[in-house]
file upload.txt (compact mmCIF, C-alpha atoms)
# COMPACT_ATOMS: atom_id res chain seq x y z
CA MET A 1 -5.62 -59.23 23.99
CA TYR A 2 -2.03 -59.98 23.13
CA VAL A 3 0.33 -58.23 25.53
CA ILE A 4 4.11 -58.18 25.24
CA VAL A 5 5.83 -57.37 28.52
CA VAL A 6 9.50 -56.39 28.28
CA GLY A 7 11.68 -56.90 31.36
CA ALA A 8 11.34 -59.90 33.68
CA GLY A 9 12.00 -58.14 36.95
CA LYS A 10 9.52 -58.16 39.82
CA VAL A 11 7.16 -55.80 38.01
CA GLY A 12 7.29 -57.68 34.71
CA LEU A 13 6.78 -61.07 36.34
CA PHE A 14 3.86 -59.94 38.46
CA LEU A 15 2.23 -58.16 35.55
CA SER A 16 2.61 -61.11 33.17
CA GLN A 17 1.17 -63.57 35.63
CA ALA A 18 -1.75 -61.30 36.53
CA LEU A 19 -2.57 -60.58 32.87
CA LYS A 20 -2.43 -64.29 32.07
CA GLU A 21 -4.79 -65.06 34.95
CA HIS A 22 -7.16 -62.49 33.52
CA GLY A 23 -7.27 -64.44 30.30
CA HIS A 24 -4.89 -62.43 28.14
CA GLU A 25 -2.24 -63.85 25.85
CA VAL A 26 1.04 -62.73 27.37
CA LEU A 27 4.65 -62.94 26.31
CA LEU A 28 7.37 -61.85 28.73
CA VAL A 29 10.67 -60.84 27.11
CA GLU A 30 14.03 -60.88 28.91
CA LYS A 31 17.43 -60.18 27.38
CA ASP A 32 19.62 -61.53 30.17
CA LEU A 33 20.42 -65.18 29.42
CA ASP A 34 21.01 -66.25 33.04
CA LYS A 35 17.78 -64.66 34.17
CA TYR A 36 15.93 -66.23 31.26
CA ASP A 37 17.33 -69.71 31.96
CA HIS A 38 16.38 -69.43 35.60
CA LEU A 39 12.86 -68.24 34.84
CA PHE A 40 12.26 -70.64 31.95
CA GLU A 41 12.19 -73.60 34.35
CA LYS A 42 9.17 -72.16 36.11
CA TRP A 43 7.51 -70.10 33.41
CA GLY A 44 8.19 -72.14 30.29
CA GLU A 45 6.75 -70.78 27.06
CA LEU A 46 5.47 -67.63 28.76
CA ILE A 47 8.98 -66.20 28.69
CA SER A 48 11.10 -65.51 25.65
CA LEU A 49 14.78 -64.61 25.32
CA GLY A 50 15.45 -61.43 23.39
CA ASP A 51 16.21 -57.73 23.38
CA GLY A 52 12.84 -55.99 23.38
CA SER A 53 14.41 -52.71 22.32
CA ASN A 54 15.32 -54.26 18.98
CA THR A 55 12.64 -53.80 16.35
CA GLN A 56 13.50 -57.10 14.65
CA THR A 57 13.16 -58.99 17.93
CA LEU A 58 9.75 -57.43 18.49
CA VAL A 59 8.70 -58.46 14.99
CA ARG A 60 9.85 -62.03 15.68
CA LEU A 61 7.73 -62.03 18.85
CA GLY A 62 4.66 -60.96 16.89
CA ALA A 63 4.55 -57.32 17.95
CA GLU A 64 2.71 -56.43 14.78
CA ARG A 65 -0.38 -58.19 16.08
CA ALA A 66 0.16 -57.10 19.71
CA ASN A 67 -2.49 -54.89 21.29
CA VAL A 68 -0.18 -53.64 24.00
CA VAL A 69 3.57 -53.46 24.61
CA VAL A 70 4.60 -52.78 28.20
CA ALA A 71 8.19 -51.69 28.93
CA VAL A 72 9.00 -52.35 32.58
CA THR A 73 12.74 -52.91 32.82
CA GLY A 74 14.67 -51.22 35.60
CA GLU A 75 16.43 -48.88 33.17
CA ASP A 76 14.68 -45.87 31.66
CA GLU A 77 16.91 -45.87 28.57
CA ASP A 78 15.83 -49.45 27.82
CA ASN A 79 12.16 -48.63 28.41
CA LEU A 80 12.41 -45.65 26.07
CA ALA A 81 14.12 -47.71 23.38
CA VAL A 82 11.47 -50.47 23.71
CA SER A 83 8.68 -47.88 23.44
CA LEU A 84 10.22 -46.29 20.35
CA ALA A 85 10.70 -49.69 18.70
CA ALA A 86 7.06 -50.59 19.43
CA LYS A 87 5.95 -47.20 18.12
CA ARG A 88 7.81 -47.85 14.89
CA LEU A 89 5.75 -51.05 14.53
CA SER A 90 2.54 -49.10 15.19
CA VAL A 91 1.59 -51.06 18.32
CA PRO A 92 -1.71 -49.44 19.36
CA ARG A 93 -0.93 -49.10 23.06
CA ILE A 94 2.49 -48.62 24.58
CA ILE A 95 2.94 -48.31 28.32
CA ALA A 96 6.33 -47.44 29.76
CA ARG A 97 7.63 -47.52 33.29
CA VAL A 98 9.72 -44.46 34.08
CA ASN A 99 11.91 -45.11 37.09
CA ASN A 100 13.23 -41.58 37.41
CA PRO A 101 10.42 -38.97 37.17
CA LYS A 102 12.96 -36.56 35.65
CA ASN A 103 12.86 -38.69 32.52
CA GLU A 104 9.11 -38.40 31.94
CA GLU A 105 9.67 -35.32 29.77
CA ILE A 106 11.67 -37.07 27.07
CA PHE A 107 9.15 -39.95 26.91
CA LYS A 108 6.35 -37.42 26.35
CA LEU A 109 8.42 -35.48 23.79
CA MET A 110 8.95 -38.70 21.87
CA GLY A 111 5.22 -39.39 21.82
CA VAL A 112 5.17 -42.09 24.49
CA GLN A 113 2.11 -40.81 26.31
CA ARG A 114 1.44 -43.61 28.75
CA THR A 115 4.18 -43.50 31.33
CA ILE A 116 3.97 -44.80 34.87
CA SER A 117 6.37 -43.62 37.51
CA GLY A 118 6.10 -45.48 40.79
CA THR A 119 8.43 -42.91 42.29
CA ARG A 120 6.16 -40.04 41.33
CA ILE A 121 3.01 -41.75 42.59
CA LEU A 122 4.73 -42.44 45.90
CA PHE A 123 6.02 -38.87 46.06
CA ASN A 124 2.59 -37.39 45.40
CA MET A 125 1.04 -39.50 48.11
CA VAL A 126 3.77 -38.81 50.66
CA GLU A 127 3.66 -35.10 49.90
CA GLN A 128 -0.07 -35.07 50.55
CA GLU A 129 0.41 -36.83 53.86
CA VAL A 130 3.11 -34.41 54.93
CA GLU A 131 1.74 -31.11 53.69
CA MET A 132 -1.96 -31.70 53.85
CA ALA A 133 -2.56 -33.18 57.25
CA ALA A 134 -6.06 -31.70 57.15
CA VAL A 135 -7.18 -33.89 54.29
CA LEU A 136 -6.91 -37.58 53.78
CA PRO A 137 -5.82 -38.70 50.33
CA PHE A 138 -7.23 -42.15 49.84
CA LEU A 139 -6.72 -42.86 46.20
CA ALA A 140 -4.22 -41.92 43.50
CA LEU A 141 -5.85 -42.18 40.11
CA HIS A 142 -4.50 -41.90 36.62
CA ARG A 143 -0.90 -42.62 37.58
CA GLY A 144 -0.94 -40.20 40.49
CA GLU A 145 -1.98 -37.19 38.45
CA VAL A 146 -5.46 -37.22 39.97
CA GLU A 147 -6.19 -37.64 43.64
CA ALA A 148 -9.28 -38.49 45.59
CA LEU A 149 -9.52 -36.90 49.04
CA LYS A 150 -11.98 -37.00 51.87
CA LEU A 151 -12.46 -34.09 54.24
CA GLU A 152 -14.51 -33.82 57.38
CA VAL A 153 -16.34 -30.54 58.00
CA ALA A 154 -15.95 -29.43 61.62
CA ALA A 155 -19.02 -28.01 63.41
CA ASP A 156 -17.47 -24.52 63.55
CA SER A 157 -16.14 -24.58 60.00
CA ALA A 158 -16.62 -21.52 57.80
CA LEU A 159 -18.01 -23.94 55.24
CA VAL A 160 -21.09 -24.75 57.32
CA GLY A 161 -24.11 -23.18 55.66
CA GLN A 162 -22.38 -22.80 52.29
CA LYS A 163 -23.79 -24.31 49.13
CA ILE A 164 -21.66 -26.70 47.09
CA SER A 165 -21.87 -24.21 44.21
CA GLU A 166 -20.39 -21.46 46.44
CA LEU A 167 -17.19 -23.30 47.34
CA GLY A 168 -15.14 -21.76 44.53
CA LEU A 169 -13.04 -24.87 43.97
CA PRO A 170 -9.94 -24.63 41.78
CA GLU A 171 -10.21 -25.63 38.14
CA GLY A 172 -10.69 -29.34 37.70
CA ALA A 173 -11.64 -30.11 41.31
CA ILE A 174 -15.08 -31.55 41.93
CA VAL A 175 -17.04 -32.61 44.99
CA SER A 176 -18.03 -36.09 43.96
CA GLY A 177 -19.90 -37.11 47.06
CA LEU A 178 -21.11 -35.95 50.44
CA VAL A 179 -21.57 -38.33 53.33
CA ARG A 180 -23.99 -37.21 56.02
CA ALA A 181 -24.89 -39.45 58.94
CA ASP A 182 -23.31 -42.42 57.17
CA ARG A 183 -25.43 -41.87 54.08
CA LEU A 184 -24.08 -40.86 50.71
CA LEU A 185 -26.07 -37.91 49.38
CA PRO A 186 -26.17 -36.94 45.71
CA VAL A 187 -24.13 -33.79 45.20
CA LYS A 188 -26.26 -30.99 43.83
CA PRO A 189 -25.11 -27.37 43.48
CA GLU A 190 -27.72 -26.15 45.97
CA LEU A 191 -26.89 -28.72 48.66
CA VAL A 192 -25.98 -26.89 51.88
CA ILE A 193 -22.99 -28.15 53.88
CA GLU A 194 -23.49 -29.05 57.54
CA GLY A 195 -21.04 -29.66 60.34
CA GLY A 196 -19.98 -33.31 60.53
CA ASP A 197 -20.38 -33.84 56.77
CA TRP A 198 -17.70 -35.69 54.87
CA LEU A 199 -16.83 -34.34 51.45
CA LEU A 200 -15.30 -36.58 48.84
CA VAL A 201 -13.27 -34.47 46.44
CA ILE A 202 -11.54 -35.52 43.23
CA ALA A 203 -8.91 -33.15 41.92
CA PRO A 204 -5.82 -33.02 39.70
CA SER A 205 -2.69 -33.22 41.89
CA GLU A 206 -1.47 -29.78 40.88
CA VAL A 207 -4.47 -27.99 42.40
CA ILE A 208 -4.48 -29.85 45.73
CA LEU A 209 -2.59 -27.06 47.47
CA THR A 210 -5.00 -24.43 46.13
CA LEU A 211 -7.82 -26.53 47.54
CA GLU A 212 -6.42 -25.94 50.99
CA SER A 213 -7.15 -22.20 50.96
CA CYS A 214 -10.45 -22.52 49.09
CA LEU A 215 -11.80 -24.91 51.64
CA HIS A 216 -10.23 -23.28 54.72
CA LEU A 217 -8.70 -26.62 55.44
CA ASP A 218 -6.25 -25.43 58.05
CA GLU A 219 -9.09 -24.17 60.27
CA CYS A 220 -12.04 -26.29 59.34
CA PHE A 221 -11.02 -29.84 58.70
CA GLU A 222 -9.57 -32.35 60.98
CA LYS A 223 -7.47 -35.27 60.05
CA SER A 224 -9.45 -38.43 60.45
CA MET B 1 33.01 -25.37 18.80
CA LYS B 2 31.43 -26.39 22.06
CA ILE B 3 31.36 -30.18 22.08
CA LEU B 4 29.76 -32.61 24.50
CA ILE B 5 30.89 -36.25 24.56
CA ILE B 6 28.91 -38.95 26.37
CA GLY B 7 30.99 -41.96 27.36
CA CYS B 8 34.70 -41.82 28.07
CA GLY B 9 35.64 -45.25 26.82
CA ARG B 10 38.17 -45.89 24.07
CA LEU B 11 36.18 -44.03 21.42
CA GLY B 12 34.84 -41.20 23.60
CA GLY B 13 38.21 -40.66 25.27
CA VAL B 14 40.16 -40.52 22.03
CA MET B 15 37.58 -38.20 20.43
CA ALA B 16 37.79 -35.92 23.47
CA GLU B 17 41.58 -35.67 23.08
CA TYR B 18 41.45 -35.18 19.29
CA LEU B 19 38.78 -32.49 19.42
CA GLU B 20 40.45 -30.62 22.23
CA GLU B 21 43.72 -30.72 20.31
CA ASP B 22 41.84 -29.18 17.38
CA GLY B 23 40.99 -26.21 19.55
CA ASN B 24 37.44 -27.07 20.63
CA ASP B 25 35.79 -26.56 24.01
CA VAL B 26 35.27 -30.19 25.06
CA THR B 27 33.32 -31.71 27.97
CA VAL B 28 33.19 -35.45 28.50
CA VAL B 29 30.62 -37.26 30.66
CA ASP B 30 30.91 -40.76 32.09
CA LYS B 31 29.18 -42.54 34.94
CA ARG B 32 32.34 -44.37 36.01
CA SER B 33 34.89 -42.16 37.75
CA THR B 34 37.69 -44.51 36.66
CA ALA B 35 36.86 -43.87 33.00
CA PHE B 36 38.62 -40.48 33.00
CA ARG B 37 41.94 -42.19 33.78
CA LEU B 38 42.07 -43.13 30.10
CA LEU B 39 42.51 -39.47 29.18
CA LEU B 40 46.00 -38.14 28.60
CA PRO B 41 47.34 -36.02 31.48
CA THR B 42 47.55 -33.15 29.00
CA PHE B 43 43.75 -33.14 28.47
CA ARG B 44 42.43 -29.73 29.52
CA GLY B 45 38.75 -30.23 28.78
CA LYS B 46 36.07 -30.72 31.43
CA THR B 47 35.08 -34.09 32.87
CA ILE B 48 31.67 -34.60 34.45
CA LEU B 49 30.82 -37.67 36.51
CA GLY B 50 27.25 -38.80 35.97
CA ASN B 51 24.69 -40.52 33.77
CA GLY B 52 24.52 -39.04 30.27
CA ILE B 53 20.75 -39.56 30.04
CA ASP B 54 20.18 -37.30 33.06
CA GLN B 55 19.03 -33.80 32.06
CA ASP B 56 20.66 -32.21 35.09
CA ILE B 57 24.01 -33.85 34.32
CA LEU B 58 23.80 -32.75 30.69
CA ARG B 59 22.95 -29.20 31.77
CA GLU B 60 25.94 -29.22 34.13
CA ALA B 61 28.05 -30.45 31.22
CA GLY B 62 26.98 -27.44 29.16
CA ALA B 63 24.39 -29.04 26.88
CA GLU B 64 22.69 -25.67 26.58
CA GLY B 65 24.47 -23.98 23.75
CA ALA B 66 26.54 -27.00 22.68
CA ASP B 67 27.24 -27.17 18.93
CA LEU B 68 27.83 -30.89 18.75
CA MET B 69 27.06 -33.95 20.86
CA ILE B 70 28.82 -37.27 20.41
CA VAL B 71 27.23 -40.27 22.12
CA ALA B 72 29.70 -43.09 22.61
CA SER B 73 28.75 -45.00 25.75
CA ASP B 74 28.85 -48.80 25.66
CA SER B 75 25.06 -49.14 25.48
CA ASP B 76 23.02 -48.39 22.37
CA ASN B 77 19.96 -47.58 24.45
CA THR B 78 21.86 -45.14 26.66
CA ASN B 79 23.25 -43.54 23.51
CA ILE B 80 19.84 -43.12 21.88
CA MET B 81 18.28 -41.69 25.03
CA ALA B 82 21.17 -39.27 25.70
CA ALA B 83 21.05 -38.22 22.03
CA LEU B 84 17.29 -37.62 22.16
CA VAL B 85 17.56 -35.58 25.36
CA GLY B 86 20.34 -33.55 23.72
CA GLN B 87 18.31 -33.04 20.56
CA ARG B 88 14.78 -32.54 21.91
CA ILE B 89 15.39 -30.82 25.25
CA PHE B 90 18.65 -28.95 24.68
CA HIS B 91 18.25 -28.47 20.92
CA ILE B 92 21.85 -29.41 20.12
CA PRO B 93 22.02 -28.95 16.34
CA ARG B 94 24.34 -31.81 15.45
CA ILE B 95 24.45 -35.28 16.98
CA MET B 96 26.83 -38.10 16.12
CA ALA B 97 26.12 -41.55 17.51
CA ARG B 98 28.23 -44.67 17.79
CA ILE B 99 26.04 -47.75 17.39
CA TYR B 100 26.89 -51.37 18.13
CA HIS B 101 23.94 -53.03 16.46
CA GLN B 102 23.67 -52.32 12.78
CA SER B 103 19.92 -52.95 12.87
CA ARG B 104 19.40 -49.73 14.81
CA ILE B 105 21.02 -47.43 12.24
CA SER B 106 17.79 -46.61 10.42
CA SER B 107 15.98 -45.61 13.59
CA TYR B 108 18.71 -43.12 14.57
CA GLN B 109 18.69 -41.72 11.08
CA GLU B 110 14.92 -41.20 11.37
CA TYR B 111 15.68 -38.74 14.16
CA GLY B 112 18.21 -36.91 12.02
CA MET B 113 21.33 -38.17 13.77
CA GLU B 114 24.60 -39.21 12.15
CA THR B 115 25.37 -42.84 12.87
CA TYR B 116 28.65 -44.69 12.99
CA CYS B 117 28.59 -48.44 13.43
CA PRO B 118 32.19 -49.70 13.81
CA THR B 119 31.23 -53.29 13.00
CA ALA B 120 29.48 -52.31 9.79
CA LEU B 121 32.31 -49.97 8.78
CA VAL B 122 35.03 -52.58 9.31
CA ALA B 123 33.01 -55.36 7.72
CA GLY B 124 32.39 -53.16 4.69
CA MET B 125 36.06 -52.26 4.38
CA MET B 126 37.14 -55.90 4.65
CA ARG B 127 34.58 -56.90 2.07
CA GLU B 128 35.79 -54.24 -0.37
CA SER B 129 39.36 -55.27 0.19
CA ILE B 130 38.51 -58.92 -0.50
CA LYS B 131 36.58 -57.99 -3.66
CA LYS B 132 39.59 -56.06 -4.96
CA GLY B 133 41.77 -59.07 -4.24
CA ALA B 134 44.20 -56.91 -2.28
call {"tool": "encode", "arguments": {"input": "upload.txt", "output": "structure tokens"}}
result
Amino acid sequence: MYVIVVGAGKVGLFLSQALKEHGHEVLLVEKDLDKYDHLFEKWGELISLGDGSNTQTLVRLGAERANVVVAVTGEDEDNLAVSLAAKRLSVPRIIARVNNPKNEEIFKLMGVQRTISGTRILFNMVEQEVEMAAVLPFLALHRGEVEALKLEVAADSALVGQKISELGLPEGAIVSGLVRADRLLPVKPELVIEGGDWLLVIAPSEVILTLESCLHLDECFEKS
Amino acid sequence: MKILIIGCGRLGGVMAEYLEEDGNDVTVVDKRSTAFRLLLPTFRGKTILGNGIDQDILREAGAEGADLMIVASDSDNTNIMAALVGQRIFHIPRIMARIYHQSRISSYQEYGMETYCPTALVAGMMRESIKKGA
């Protein structure tokens, strides 16, 4: 795949190197001359000088045959402009970093669907840690919009004796696994929960708080 | 008219003064607090310190219900983003944009914004003048 990465900050540099190591053709674009000069010594032809938010520059860099354009500068206005320029050239996949989560809305409104906000992912994870001491979030998937959690069922939990199908989980939440005596059991609707079980739950972030009441988390689960 | 101006540099500042003089309700936004010093002491419009791409700043500046937005910061990308937020989120009916790079004119026009590129305007005028032999 041919990937154009715009913005040679820490994120852009790491990404370009990692993609290259994975066998992709990568071009890193930086508009700041001093930064470019400094990086050229080490990176050589991998890096190119230019303004990635300019359609003509993108054309010169071969954006019309690019599979992906990634906008990862430190400024959201630049990332938006890069995404819109790439969109104009019909680049099949455009991924934009959104530094301030507040700005996600305008990216979506402009049809830039793939946005990644490190701030939001961090926020979601911290919020879980703070507000949901009873559950242990262990994985943020799909840019933090989906979370994987594991919960331990206490011996006196109201859940003991309930079937998986009776849990009444909020929309979108699923029990994806149950660990009993260190063995992963297939999750079937009629499986009855026992004390000491570990439930692995995958759920969209927005229903995590609803999960708490459904699963009696405050009374039944302990933080591991 | 309720007018919102992003960027209080030479162009934004002068526009703010002109439009206020013409009897409009003018608010000017800039992220540098020193920028407002350019305004005449007689300027009675509002000044808001903050980034013009920030929805909350634009709301504070009265973007809801504004009749016209002029984007005149020193960065084309800031201008396009502020203009898009004004148009798509606050539904400001008319947007005028100052652009530095001529190559971007067509993309602004795609979004239904009026564009003014000083370089292109001056170059065009000089060219005409030379053609006429004046």
call {"tool": "closest_atom_pairs", "arguments": {"input": "upload.txt", "of": "chain B", "to": "chain A", "cutoff": "7 Å", "atoms": "only C-alpha atoms", "output": "JSON lines"}}
result
{"residue": "B:Asn77", "atom": "CA", "partner": "A:Glu77", "partner_atom": "CA", "distance": 5.4}
{"residue": "B:Thr78", "atom": "CA", "partner": "A:Glu77", "partner_atom": "CA", "distance": 5.4}
{"residue": "B:Met81", "atom": "CA", "partner": "A:Glu77", "partner_atom": "CA", "distance": 5.6}
{"residue": "B:Val85", "atom": "CA", "partner": "A:Ile106", "partner_atom": "CA", "distance": 6.3}
call {"tool": "atom_distance", "arguments": {"input": "upload.txt", "atom1": "atom CA of Leu28 of chain A", "atom2": "atom CA of Gly52 of chain A"}}
result
9.6 Å
call {"tool": "residues_around", "arguments": {"input": "upload.txt", "residues": "Leu46 of chain A", "least_positions_apart": "3", "cutoff": "8 Å", "atoms": "all atoms listed in the file", "output": "JSON, numbers by chain"}}
result
{"A": [26, 27, 28, 43]}
call {"tool": "residues_around", "arguments": {"input": "upload.txt", "residues": "Lys108 of chain A", "least_positions_apart": "3", "cutoff": "12 Å", "atoms": "all atoms listed in the file", "output": "tab-separated table (two decimals) with C-alpha atoms, in the coordinates of the input"}}
result
chain	number	residue	atom	x	y	z
A	80	LEU	CA	12.41	-45.65	26.07
A	83	SER	CA	8.68	-47.88	23.44
A	84	LEU	CA	10.22	-46.29	20.35
A	94	ILE	CA	2.49	-48.62	24.58
A	95	ILE	CA	2.94	-48.31	28.32
A	96	ALA	CA	6.33	-47.44	29.76
A	98	VAL	CA	9.72	-44.46	34.08
A	101	PRO	CA	10.42	-38.97	37.17
A	102	LYS	CA	12.96	-36.56	35.65
A	103	ASN	CA	12.86	-38.69	32.52
A	104	GLU	CA	9.11	-38.40	31.94
A	105	GLU	CA	9.67	-35.32	29.77
A	111	GLY	CA	5.22	-39.39	21.82
A	112	VAL	CA	5.17	-42.09	24.49
A	113	GLN	CA	2.11	-40.81	26.31
A	114	ARG	CA	1.44	-43.61	28.75
A	115	THR	CA	4.18	-43.50	31.33
A	116	ILE	CA	3.97	-44.80	34.87
B	84	LEU	CA	17.29	-37.62	22.16
B	85	VAL	CA	17.56	-35.58	25.36
B	88	ARG	CA	14.78	-32.54	21.91
B	89	ILE	CA	15.39	-30.82	25.25
call {"tool": "residues_around", "arguments": {"input": "upload.txt", "residues": "Asn99 of chain A", "least_positions_apart": "6", "cutoff": "7 Å", "atoms": "all atoms listed in the file", "output": "ChimeraX atom specification"}}
result
/A:74,76,117-119
call {"tool": "atom_distance", "arguments": {"input": "upload.txt", "atom1": "atom CA of Arg97 of chain A", "atom2": "atom CA of Thr73 of chain A"}}
result
7.4 Å
call {"tool": "residues_around", "arguments": {"input": "upload.txt", "residues": "segment 4-10 of chain A", "least_positions_apart": "4", "cutoff": "9 Å", "atoms": "only C-alpha atoms", "output": "MDAnalysis selection string"}}
result
chainID A and resid 14:16 25:31 35:36 39 47 51:53 58 61:63 66:74 79 82
call {"tool": "write_last_selection", "arguments": {"input": "upload.txt", "atoms": "C-alpha atoms", "output": "short mmCIF file (atom, residue, chain, number, x, y, z; two decimals), in the coordinates of the input"}}
result
data_model
loop_
_atom_site.label_atom_id
_atom_site.label_comp_id
_atom_site.auth_asym_id
_atom_site.auth_seq_id
_atom_site.Cartn_x
_atom_site.Cartn_y
_atom_site.Cartn_z
CA PHE A 14 3.86 -59.94 38.46
CA LEU A 15 2.23 -58.16 35.55
CA SER A 16 2.61 -61.11 33.17
CA GLU A 25 -2.24 -63.85 25.85
CA VAL A 26 1.04 -62.73 27.37
CA LEU A 27 4.65 -62.94 26.31
CA LEU A 28 7.37 -61.85 28.73
CA VAL A 29 10.67 -60.84 27.11
CA GLU A 30 14.03 -60.88 28.91
CA LYS A 31 17.43 -60.18 27.38
CA LYS A 35 17.78 -64.66 34.17
CA TYR A 36 15.93 -66.23 31.26
CA LEU A 39 12.86 -68.24 34.84
CA ILE A 47 8.98 -66.20 28.69
CA ASP A 51 16.21 -57.73 23.38
CA GLY A 52 12.84 -55.99 23.38
CA SER A 53 14.41 -52.71 22.32
CA LEU A 58 9.75 -57.43 18.49
CA LEU A 61 7.73 -62.03 18.85
CA GLY A 62 4.66 -60.96 16.89
CA ALA A 63 4.55 -57.32 17.95
CA ALA A 66 0.16 -57.10 19.71
CA ASN A 67 -2.49 -54.89 21.29
CA VAL A 68 -0.18 -53.64 24.00
CA VAL A 69 3.57 -53.46 24.61
CA VAL A 70 4.60 -52.78 28.20
CA ALA A 71 8.19 -51.69 28.93
CA VAL A 72 9.00 -52.35 32.58
CA THR A 73 12.74 -52.91 32.82
CA GLY A 74 14.67 -51.22 35.60
CA ASN A 79 12.16 -48.63 28.41
CA VAL A 82 11.47 -50.47 23.71
#
call {"tool": "closest_residue", "arguments": {"input": "upload.txt", "among": "A:Gln17, A:Ser90, A:Asn124, A:Ser48", "to": "Glu206 of chain A", "atoms": "all atoms listed in the file"}}
result
A:Asn124
call {"tool": "atom_distance", "arguments": {"input": "upload.txt", "atom1": "atom CA of Ala203 of chain A", "atom2": "atom CA of Leu178 of chain A"}}
result
15.1 Å
call {"tool": "residues_around", "arguments": {"input": "upload.txt", "residues": "Arg59 of chain B", "least_positions_apart": "5", "cutoff": "12 Å", "atoms": "all atoms listed in the file", "output": "list in words"}}
result
Leu4, Thr27, Val29, Ile48, Gly50, Asn51, Gly52, Ile53, Asp54, Glu64, Gly65, Ala66, Ala82, Val85, Gly86, Ile89, Phe90, His91 and Ile92 of chain B
